[in-house]
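Coordinates from coords.txt are shown below (compact mmCIF, N, CA and C atoms).
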```txt
# COMPACT_ATOMS: atom_id res chain seq x y z
N MET R 1 -17.63 -29.40 39.88
CA MET R 1 -16.60 -29.19 38.89
C MET R 1 -16.24 -30.56 38.30
N ARG R 2 -16.30 -30.67 36.99
CA ARG R 2 -16.04 -31.93 36.33
C ARG R 2 -14.72 -31.85 35.59
N LEU R 3 -13.85 -32.79 35.85
CA LEU R 3 -12.56 -32.85 35.16
C LEU R 3 -12.45 -34.17 34.41
N THR R 4 -12.05 -34.12 33.16
CA THR R 4 -11.78 -35.34 32.42
C THR R 4 -10.47 -35.17 31.69
N GLN R 5 -9.75 -36.24 31.55
CA GLN R 5 -8.52 -36.21 30.77
C GLN R 5 -8.59 -37.36 29.78
N THR R 6 -8.34 -37.05 28.51
CA THR R 6 -8.49 -38.02 27.45
C THR R 6 -7.25 -38.02 26.59
N PHE R 7 -6.82 -39.20 26.18
CA PHE R 7 -5.69 -39.33 25.27
C PHE R 7 -6.20 -39.15 23.85
N PHE R 8 -5.50 -38.35 23.05
CA PHE R 8 -5.86 -38.26 21.65
C PHE R 8 -4.61 -38.20 20.81
N PHE R 9 -4.74 -38.60 19.55
CA PHE R 9 -3.60 -38.69 18.66
C PHE R 9 -4.07 -38.57 17.23
N SER R 10 -3.29 -37.88 16.40
CA SER R 10 -3.59 -37.87 14.98
C SER R 10 -2.30 -37.60 14.22
N ALA R 11 -2.25 -38.01 12.97
CA ALA R 11 -1.07 -37.77 12.15
C ALA R 11 -0.84 -36.28 11.97
N VAL R 12 -1.91 -35.49 11.90
CA VAL R 12 -1.78 -34.04 11.74
C VAL R 12 -1.07 -33.44 12.95
N THR R 13 -1.32 -33.96 14.14
CA THR R 13 -0.71 -33.46 15.36
C THR R 13 0.81 -33.49 15.27
N LEU R 14 1.36 -34.48 14.63
CA LEU R 14 2.81 -34.65 14.61
C LEU R 14 3.51 -33.77 13.58
N LEU R 15 2.76 -33.07 12.75
CA LEU R 15 3.37 -32.35 11.65
C LEU R 15 3.92 -30.98 12.00
N GLY R 16 3.36 -30.28 12.98
CA GLY R 16 3.76 -28.88 13.21
C GLY R 16 4.32 -28.63 14.59
N LEU R 17 5.38 -29.30 14.96
CA LEU R 17 5.87 -29.23 16.33
C LEU R 17 6.89 -28.12 16.58
N SER R 18 7.25 -27.30 15.59
CA SER R 18 8.21 -26.23 15.84
C SER R 18 7.53 -24.88 15.67
N GLY R 19 8.13 -23.82 16.21
CA GLY R 19 7.58 -22.48 16.09
C GLY R 19 7.43 -21.82 17.43
N CYS R 20 6.72 -20.69 17.48
CA CYS R 20 6.66 -19.91 18.71
C CYS R 20 5.26 -19.73 19.27
N GLY R 21 4.22 -19.78 18.47
CA GLY R 21 2.88 -19.51 18.95
C GLY R 21 2.17 -20.76 19.42
N PRO R 22 0.96 -20.59 20.03
CA PRO R 22 0.21 -21.74 20.52
C PRO R 22 -0.06 -22.79 19.45
N SER R 23 -0.45 -22.37 18.24
CA SER R 23 -0.76 -23.36 17.21
C SER R 23 0.50 -24.09 16.76
N GLU R 24 1.65 -23.39 16.75
CA GLU R 24 2.89 -24.04 16.37
C GLU R 24 3.33 -25.05 17.42
N HIS R 25 2.89 -24.85 18.67
CA HIS R 25 3.19 -25.80 19.74
C HIS R 25 2.09 -26.85 19.87
N ASN R 26 1.12 -26.81 18.97
CA ASN R 26 0.00 -27.74 19.00
C ASN R 26 -0.77 -27.67 20.31
N LEU R 27 -1.02 -26.44 20.75
CA LEU R 27 -1.86 -26.18 21.92
C LEU R 27 -3.09 -25.43 21.45
N SER R 28 -4.25 -25.82 21.95
CA SER R 28 -5.46 -25.08 21.62
C SER R 28 -6.42 -25.14 22.80
N LEU R 29 -7.32 -24.16 22.82
CA LEU R 29 -8.33 -24.04 23.86
C LEU R 29 -9.68 -23.94 23.15
N THR R 30 -10.62 -24.80 23.52
CA THR R 30 -11.93 -24.80 22.87
C THR R 30 -13.04 -24.76 23.92
N THR R 31 -14.22 -24.34 23.48
CA THR R 31 -15.43 -24.42 24.30
C THR R 31 -16.36 -25.42 23.64
N ASP R 32 -17.29 -25.97 24.41
CA ASP R 32 -18.18 -27.01 23.87
C ASP R 32 -19.29 -26.45 22.99
N LYS R 33 -19.58 -25.15 23.07
CA LYS R 33 -20.63 -24.52 22.26
C LYS R 33 -20.15 -23.14 21.82
N ASP R 34 -20.89 -22.54 20.91
CA ASP R 34 -20.54 -21.17 20.53
C ASP R 34 -21.52 -20.15 21.08
N ARG R 35 -22.58 -20.60 21.78
CA ARG R 35 -23.55 -19.70 22.43
C ARG R 35 -23.97 -20.27 23.78
N TYR R 36 -24.09 -19.36 24.77
CA TYR R 36 -24.48 -19.75 26.12
C TYR R 36 -25.47 -18.74 26.67
N SER R 37 -26.34 -19.21 27.54
CA SER R 37 -27.22 -18.32 28.29
C SER R 37 -26.41 -17.63 29.37
N LEU R 38 -26.83 -16.44 29.77
CA LEU R 38 -26.15 -15.75 30.87
C LEU R 38 -26.18 -16.63 32.12
N GLY R 39 -25.06 -16.78 32.77
CA GLY R 39 -24.96 -17.58 33.99
C GLY R 39 -24.74 -19.06 33.78
N ALA R 40 -24.83 -19.53 32.54
CA ALA R 40 -24.62 -20.95 32.25
C ALA R 40 -23.14 -21.29 32.32
N PRO R 41 -22.79 -22.49 32.82
CA PRO R 41 -21.38 -22.87 32.83
C PRO R 41 -20.86 -23.09 31.41
N VAL R 42 -19.57 -22.88 31.23
CA VAL R 42 -18.92 -23.07 29.93
C VAL R 42 -17.90 -24.20 30.07
N GLU R 43 -18.02 -25.20 29.24
CA GLU R 43 -17.07 -26.32 29.22
C GLU R 43 -15.86 -25.90 28.36
N VAL R 44 -14.69 -25.84 28.99
CA VAL R 44 -13.46 -25.43 28.32
C VAL R 44 -12.53 -26.64 28.25
N THR R 45 -11.91 -26.84 27.08
CA THR R 45 -10.98 -27.96 26.90
C THR R 45 -9.64 -27.44 26.39
N LEU R 46 -8.58 -27.82 27.10
CA LEU R 46 -7.22 -27.52 26.66
C LEU R 46 -6.68 -28.76 25.97
N HIS R 47 -6.23 -28.59 24.73
CA HIS R 47 -5.69 -29.68 23.92
C HIS R 47 -4.17 -29.52 23.85
N ASN R 48 -3.44 -30.54 24.23
CA ASN R 48 -1.98 -30.55 24.11
C ASN R 48 -1.62 -31.58 23.04
N GLY R 49 -1.40 -31.11 21.83
CA GLY R 49 -1.03 -32.00 20.73
C GLY R 49 0.47 -32.13 20.56
N SER R 50 1.25 -31.63 21.52
CA SER R 50 2.71 -31.69 21.41
C SER R 50 3.21 -33.02 21.97
N LEU R 51 4.49 -33.22 21.85
CA LEU R 51 5.13 -34.43 22.38
C LEU R 51 5.73 -34.19 23.76
N SER R 52 5.38 -33.04 24.40
CA SER R 52 5.89 -32.70 25.72
C SER R 52 4.74 -32.40 26.67
N SER R 53 4.96 -32.62 27.95
CA SER R 53 3.98 -32.25 28.97
C SER R 53 3.99 -30.74 29.16
N VAL R 54 2.86 -30.18 29.58
CA VAL R 54 2.76 -28.75 29.87
C VAL R 54 2.05 -28.57 31.20
N GLY R 55 2.26 -27.41 31.82
CA GLY R 55 1.55 -27.05 33.04
C GLY R 55 0.40 -26.12 32.70
N TYR R 56 -0.70 -26.19 33.46
CA TYR R 56 -1.89 -25.38 33.19
C TYR R 56 -2.72 -25.28 34.46
N ASN R 57 -3.71 -24.38 34.47
CA ASN R 57 -4.72 -24.30 35.51
C ASN R 57 -5.97 -23.71 34.86
N LEU R 58 -6.88 -24.56 34.39
CA LEU R 58 -8.08 -24.09 33.69
C LEU R 58 -8.94 -23.18 34.56
N CYS R 59 -8.97 -23.43 35.85
CA CYS R 59 -9.76 -22.59 36.75
C CYS R 59 -9.28 -21.14 36.69
N ALA R 60 -7.99 -20.94 36.42
CA ALA R 60 -7.41 -19.59 36.38
C ALA R 60 -7.46 -18.98 34.98
N SER R 61 -8.19 -19.59 34.06
CA SER R 61 -8.31 -19.01 32.71
C SER R 61 -8.90 -17.61 32.81
N LYS R 62 -8.38 -16.71 31.97
CA LYS R 62 -8.87 -15.34 31.95
C LYS R 62 -10.04 -15.24 30.97
N LEU R 63 -11.07 -14.52 31.38
CA LEU R 63 -12.22 -14.27 30.52
C LEU R 63 -12.07 -12.89 29.91
N GLN R 64 -12.18 -12.80 28.59
CA GLN R 64 -12.07 -11.51 27.90
C GLN R 64 -13.34 -11.25 27.10
N ARG R 65 -13.74 -9.97 27.05
CA ARG R 65 -14.94 -9.54 26.32
C ARG R 65 -14.52 -8.71 25.11
N HIS R 66 -15.19 -8.92 23.99
CA HIS R 66 -14.91 -8.18 22.76
C HIS R 66 -15.62 -6.83 22.82
N VAL R 67 -14.82 -5.75 22.80
CA VAL R 67 -15.35 -4.39 22.89
C VAL R 67 -14.59 -3.52 21.89
N ASP R 68 -15.32 -2.84 21.02
CA ASP R 68 -14.72 -1.90 20.07
C ASP R 68 -13.54 -2.51 19.30
N GLY R 69 -13.72 -3.73 18.80
CA GLY R 69 -12.72 -4.35 17.94
C GLY R 69 -11.57 -5.04 18.62
N GLU R 70 -11.57 -5.09 19.97
CA GLU R 70 -10.50 -5.80 20.67
C GLU R 70 -11.06 -6.52 21.89
N PHE R 71 -10.31 -7.51 22.36
CA PHE R 71 -10.72 -8.25 23.55
C PHE R 71 -10.10 -7.60 24.78
N ILE R 72 -10.95 -7.28 25.77
CA ILE R 72 -10.48 -6.71 27.03
C ILE R 72 -10.79 -7.70 28.15
N GLU R 73 -9.99 -7.69 29.18
CA GLU R 73 -10.13 -8.67 30.24
C GLU R 73 -11.25 -8.29 31.21
N GLU R 74 -12.09 -9.26 31.50
CA GLU R 74 -13.10 -9.12 32.54
C GLU R 74 -12.45 -9.47 33.88
N LEU R 75 -12.83 -8.80 34.94
CA LEU R 75 -12.19 -9.05 36.23
C LEU R 75 -12.56 -10.39 36.83
N ARG R 76 -13.84 -10.76 36.76
CA ARG R 76 -14.28 -12.02 37.38
C ARG R 76 -15.31 -12.69 36.48
N ARG R 77 -15.17 -13.99 36.31
CA ARG R 77 -16.18 -14.73 35.55
C ARG R 77 -17.28 -15.24 36.47
N THR R 78 -17.00 -15.30 37.78
CA THR R 78 -17.99 -15.74 38.75
C THR R 78 -17.76 -15.03 40.08
N GLU R 79 -18.81 -14.91 40.86
CA GLU R 79 -18.72 -14.22 42.15
C GLU R 79 -18.09 -15.05 43.25
N ASN R 80 -18.32 -16.38 43.23
CA ASN R 80 -17.96 -17.16 44.41
C ASN R 80 -17.05 -18.35 44.16
N ALA R 81 -16.53 -18.53 42.96
CA ALA R 81 -15.67 -19.69 42.71
C ALA R 81 -14.27 -19.42 43.27
N SER R 82 -13.77 -20.37 44.02
CA SER R 82 -12.39 -20.27 44.48
C SER R 82 -11.52 -21.07 43.51
N CYS R 83 -10.29 -20.64 43.38
CA CYS R 83 -9.41 -21.28 42.41
C CYS R 83 -8.04 -21.46 43.05
N ASN R 84 -7.61 -22.70 43.19
CA ASN R 84 -6.27 -22.96 43.70
C ASN R 84 -5.25 -22.53 42.65
N LYS R 85 -4.17 -21.93 43.09
CA LYS R 85 -3.11 -21.47 42.18
C LYS R 85 -2.08 -22.58 41.98
N ILE R 86 -2.57 -23.76 41.67
CA ILE R 86 -1.71 -24.92 41.48
C ILE R 86 -1.69 -25.29 40.01
N ASN R 87 -0.49 -25.40 39.46
CA ASN R 87 -0.34 -25.85 38.09
C ASN R 87 -0.54 -27.36 38.02
N GLU R 88 -1.40 -27.79 37.13
CA GLU R 88 -1.59 -29.22 36.87
C GLU R 88 -0.70 -29.59 35.70
N GLY R 89 -0.41 -30.86 35.54
CA GLY R 89 0.36 -31.33 34.40
C GLY R 89 -0.54 -31.99 33.37
N LEU R 90 -0.32 -31.67 32.11
CA LEU R 90 -1.07 -32.28 31.01
C LEU R 90 -0.06 -32.96 30.10
N GLY R 91 -0.18 -34.26 29.98
CA GLY R 91 0.78 -35.04 29.21
C GLY R 91 0.71 -34.79 27.72
N PRO R 92 1.70 -35.32 27.00
CA PRO R 92 1.72 -35.18 25.55
C PRO R 92 0.50 -35.84 24.92
N LEU R 93 0.03 -35.25 23.83
CA LEU R 93 -1.08 -35.82 23.05
C LEU R 93 -2.30 -36.10 23.92
N SER R 94 -2.61 -35.15 24.81
CA SER R 94 -3.72 -35.30 25.74
C SER R 94 -4.59 -34.05 25.75
N GLN R 95 -5.73 -34.16 26.41
CA GLN R 95 -6.60 -33.00 26.59
C GLN R 95 -7.25 -33.10 27.95
N VAL R 96 -7.68 -31.95 28.47
CA VAL R 96 -8.36 -31.90 29.75
C VAL R 96 -9.49 -30.88 29.64
N SER R 97 -10.62 -31.18 30.28
CA SER R 97 -11.79 -30.31 30.24
C SER R 97 -12.23 -29.95 31.64
N GLU R 98 -12.82 -28.76 31.75
CA GLU R 98 -13.39 -28.32 33.02
C GLU R 98 -14.59 -27.43 32.73
N SER R 99 -15.63 -27.59 33.55
CA SER R 99 -16.82 -26.76 33.45
C SER R 99 -16.61 -25.53 34.33
N LEU R 100 -16.56 -24.34 33.71
CA LEU R 100 -16.29 -23.10 34.44
C LEU R 100 -17.59 -22.34 34.68
N GLU R 101 -17.84 -21.98 35.94
CA GLU R 101 -19.01 -21.19 36.29
C GLU R 101 -18.89 -19.78 35.73
N MET R 102 -20.02 -19.20 35.37
CA MET R 102 -20.04 -17.84 34.83
C MET R 102 -21.05 -17.00 35.60
N ARG R 103 -20.73 -15.72 35.83
CA ARG R 103 -21.67 -14.80 36.48
C ARG R 103 -22.88 -14.58 35.58
N GLY R 104 -24.03 -14.43 36.19
CA GLY R 104 -25.24 -14.15 35.43
C GLY R 104 -25.40 -12.70 35.05
N ASP R 105 -24.59 -11.81 35.64
CA ASP R 105 -24.73 -10.38 35.34
C ASP R 105 -23.68 -9.86 34.36
N LEU R 106 -22.95 -10.75 33.69
CA LEU R 106 -22.02 -10.30 32.65
C LEU R 106 -22.82 -9.69 31.51
N PRO R 107 -22.31 -8.64 30.89
CA PRO R 107 -23.05 -8.05 29.75
C PRO R 107 -23.12 -9.05 28.60
N PRO R 108 -24.26 -9.14 27.92
CA PRO R 108 -24.33 -10.01 26.74
C PRO R 108 -23.28 -9.57 25.72
N GLY R 109 -22.75 -10.53 24.99
CA GLY R 109 -21.78 -10.19 23.96
C GLY R 109 -20.86 -11.33 23.62
N GLU R 110 -19.77 -10.99 22.94
CA GLU R 110 -18.79 -11.96 22.48
C GLU R 110 -17.64 -12.02 23.48
N TYR R 111 -17.25 -13.23 23.85
CA TYR R 111 -16.20 -13.47 24.84
C TYR R 111 -15.23 -14.52 24.33
N ARG R 112 -14.12 -14.66 25.03
CA ARG R 112 -13.20 -15.77 24.82
C ARG R 112 -12.45 -16.01 26.13
N PHE R 113 -11.89 -17.21 26.27
CA PHE R 113 -11.01 -17.52 27.38
C PHE R 113 -9.57 -17.49 26.90
N VAL R 114 -8.66 -17.09 27.79
CA VAL R 114 -7.23 -17.14 27.52
C VAL R 114 -6.60 -17.93 28.65
N GLN R 115 -5.83 -18.94 28.28
CA GLN R 115 -5.19 -19.84 29.24
C GLN R 115 -3.67 -19.69 29.15
N SER R 116 -3.02 -19.52 30.30
CA SER R 116 -1.56 -19.53 30.35
C SER R 116 -1.10 -20.98 30.46
N VAL R 117 -0.18 -21.37 29.57
CA VAL R 117 0.35 -22.73 29.54
C VAL R 117 1.85 -22.63 29.75
N HIS R 118 2.38 -23.53 30.57
CA HIS R 118 3.80 -23.51 30.93
C HIS R 118 4.47 -24.77 30.38
N PRO R 119 5.27 -24.63 29.31
CA PRO R 119 5.87 -25.81 28.69
C PRO R 119 7.07 -26.38 29.46
N GLY R 120 7.53 -25.69 30.48
CA GLY R 120 8.60 -26.24 31.31
C GLY R 120 10.00 -25.93 30.81
N TRP R 121 10.14 -24.93 29.94
CA TRP R 121 11.47 -24.53 29.50
C TRP R 121 11.64 -23.03 29.66
N THR R 122 12.88 -22.59 29.55
CA THR R 122 13.20 -21.17 29.74
C THR R 122 13.68 -20.55 28.44
N ASN R 123 13.62 -19.22 28.38
CA ASN R 123 14.13 -18.51 27.20
C ASN R 123 15.63 -18.25 27.37
N ALA R 124 16.23 -17.51 26.45
CA ALA R 124 17.68 -17.25 26.47
C ALA R 124 18.14 -16.52 27.73
N GLU R 125 17.22 -15.75 28.35
CA GLU R 125 17.55 -15.01 29.58
C GLU R 125 17.32 -15.85 30.84
N GLY R 126 16.89 -17.10 30.68
CA GLY R 126 16.65 -17.97 31.82
C GLY R 126 15.29 -17.81 32.47
N VAL R 127 14.38 -17.08 31.82
CA VAL R 127 13.04 -16.85 32.35
C VAL R 127 12.10 -17.97 31.87
N ASN R 128 11.29 -18.47 32.79
CA ASN R 128 10.33 -19.51 32.42
C ASN R 128 9.38 -19.00 31.33
N VAL R 129 9.17 -19.81 30.31
CA VAL R 129 8.32 -19.45 29.18
C VAL R 129 6.86 -19.72 29.53
N THR R 130 5.99 -18.77 29.17
CA THR R 130 4.54 -18.94 29.30
C THR R 130 3.94 -18.69 27.93
N ILE R 131 3.06 -19.58 27.50
CA ILE R 131 2.38 -19.45 26.22
C ILE R 131 0.91 -19.14 26.51
N GLU R 132 0.39 -18.07 25.92
CA GLU R 132 -1.02 -17.71 26.09
C GLU R 132 -1.81 -18.35 24.94
N VAL R 133 -2.82 -19.13 25.30
CA VAL R 133 -3.65 -19.82 24.32
C VAL R 133 -5.07 -19.29 24.45
N ALA R 134 -5.64 -18.74 23.36
CA ALA R 134 -6.99 -18.17 23.39
C ALA R 134 -7.97 -19.11 22.71
N SER R 135 -9.18 -19.18 23.26
CA SER R 135 -10.25 -19.95 22.62
C SER R 135 -10.83 -19.14 21.46
N GLU R 136 -11.59 -19.79 20.62
CA GLU R 136 -12.38 -19.09 19.63
C GLU R 136 -13.45 -18.29 20.38
N PRO R 137 -13.89 -17.17 19.84
CA PRO R 137 -14.94 -16.40 20.53
C PRO R 137 -16.25 -17.18 20.65
N PHE R 138 -16.99 -16.90 21.72
CA PHE R 138 -18.33 -17.45 21.92
C PHE R 138 -19.24 -16.33 22.41
N HIS R 139 -20.54 -16.55 22.35
CA HIS R 139 -21.51 -15.51 22.70
C HIS R 139 -22.23 -15.87 24.00
N LEU R 140 -22.39 -14.87 24.85
CA LEU R 140 -23.17 -15.00 26.08
C LEU R 140 -24.44 -14.16 25.93
N GLY R 141 -25.58 -14.78 26.22
CA GLY R 141 -26.84 -14.05 26.34
C GLY R 141 -27.40 -13.45 25.08
N GLU R 142 -27.00 -13.88 23.94
CA GLU R 142 -27.54 -13.32 22.69
C GLU R 142 -28.29 -14.38 21.92
```
Represent the supplied structure as structure tokens.
Amino acid sequence: MRLTQTFFFSAVTLLGLSGCGPSEHNLSLTTDKDRYSLGAPVEVTLHNGSLSSVGYNLCASKLQRHVDGEFIEELRRTENASCNKINEGLGPLSQVSESLEMRGDLPPGEYRFVQSVHPGWTNAEGVNVTIEVASEPFHLGE
């Protein structure tokens, strides 16, 4: 498992810091390619373009498959990967990448990852806020 953390900055990053969705919080999730062979690992990168730290766990990213016009959640992306349920911290204007193992018997098709990100604040009811950030779709085995 390869982890890298890189500092990044741009003038565009500083322009859209208010709102409610992932893009308004300057959070994004990307993959290194748009096509993969079945069973090939997928490099996933979480970008935090905000001025605040966030909590994340890339290993716990959810894999979803595109079926009949909507994305449905796959139960497991790999048979044997263990994943600690520990939130890592990602600083402001930073990114982190991880190579995620994939099962070789997943049906070919269009997929995406969804990552839960924890900005460290609560809503009006005092409940911790979680932001779901989805990657662009990618293809497995096609």
- [ ] Could you please give me, as number ranges by chain, the residues of protein, DNA or RNA lying at most 6.5 Å from (2.5, -33.5, 20.5) in the coordinate frame of the file, considering only N, CA and C atoms?
- [x] R: 13-14, 26, 48-52, 92-93
- [ ] Pull the neighbourhood of (2.4, -25.6, 29.5) for me: all residues within 8 Å in file coordinates, counting only C-alpha atoms, as a PyMOL selection string.
- [x] chain R and resi 53-56+89-90+116-120+130-131
Open item on the list: Restricting the calculation to only C-alpha atoms: of R:His25, R:Asp34, R:Leu140, R:Gly126, which residue gets closest to Pro108 (chain R)?
Closed with: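 Residue with the minimum atom-to-atom distance to Pro108 (chain R): R:Leu140.
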Task: Distance in Å - atom N of Glu101 (chain R) versus atom C of Asn128 (chain R) - done: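 Atom C of Asn128 (chain R) lies at a distance of 27.8 Å from atom N of Glu101 (chain R).
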Task: Selected residue of minimal separation from Gly141 (chain R) among R:Cys59, R:Ala40, R:Val96, R:Leu29, counting all atoms listed in the file - done: R:Ala40
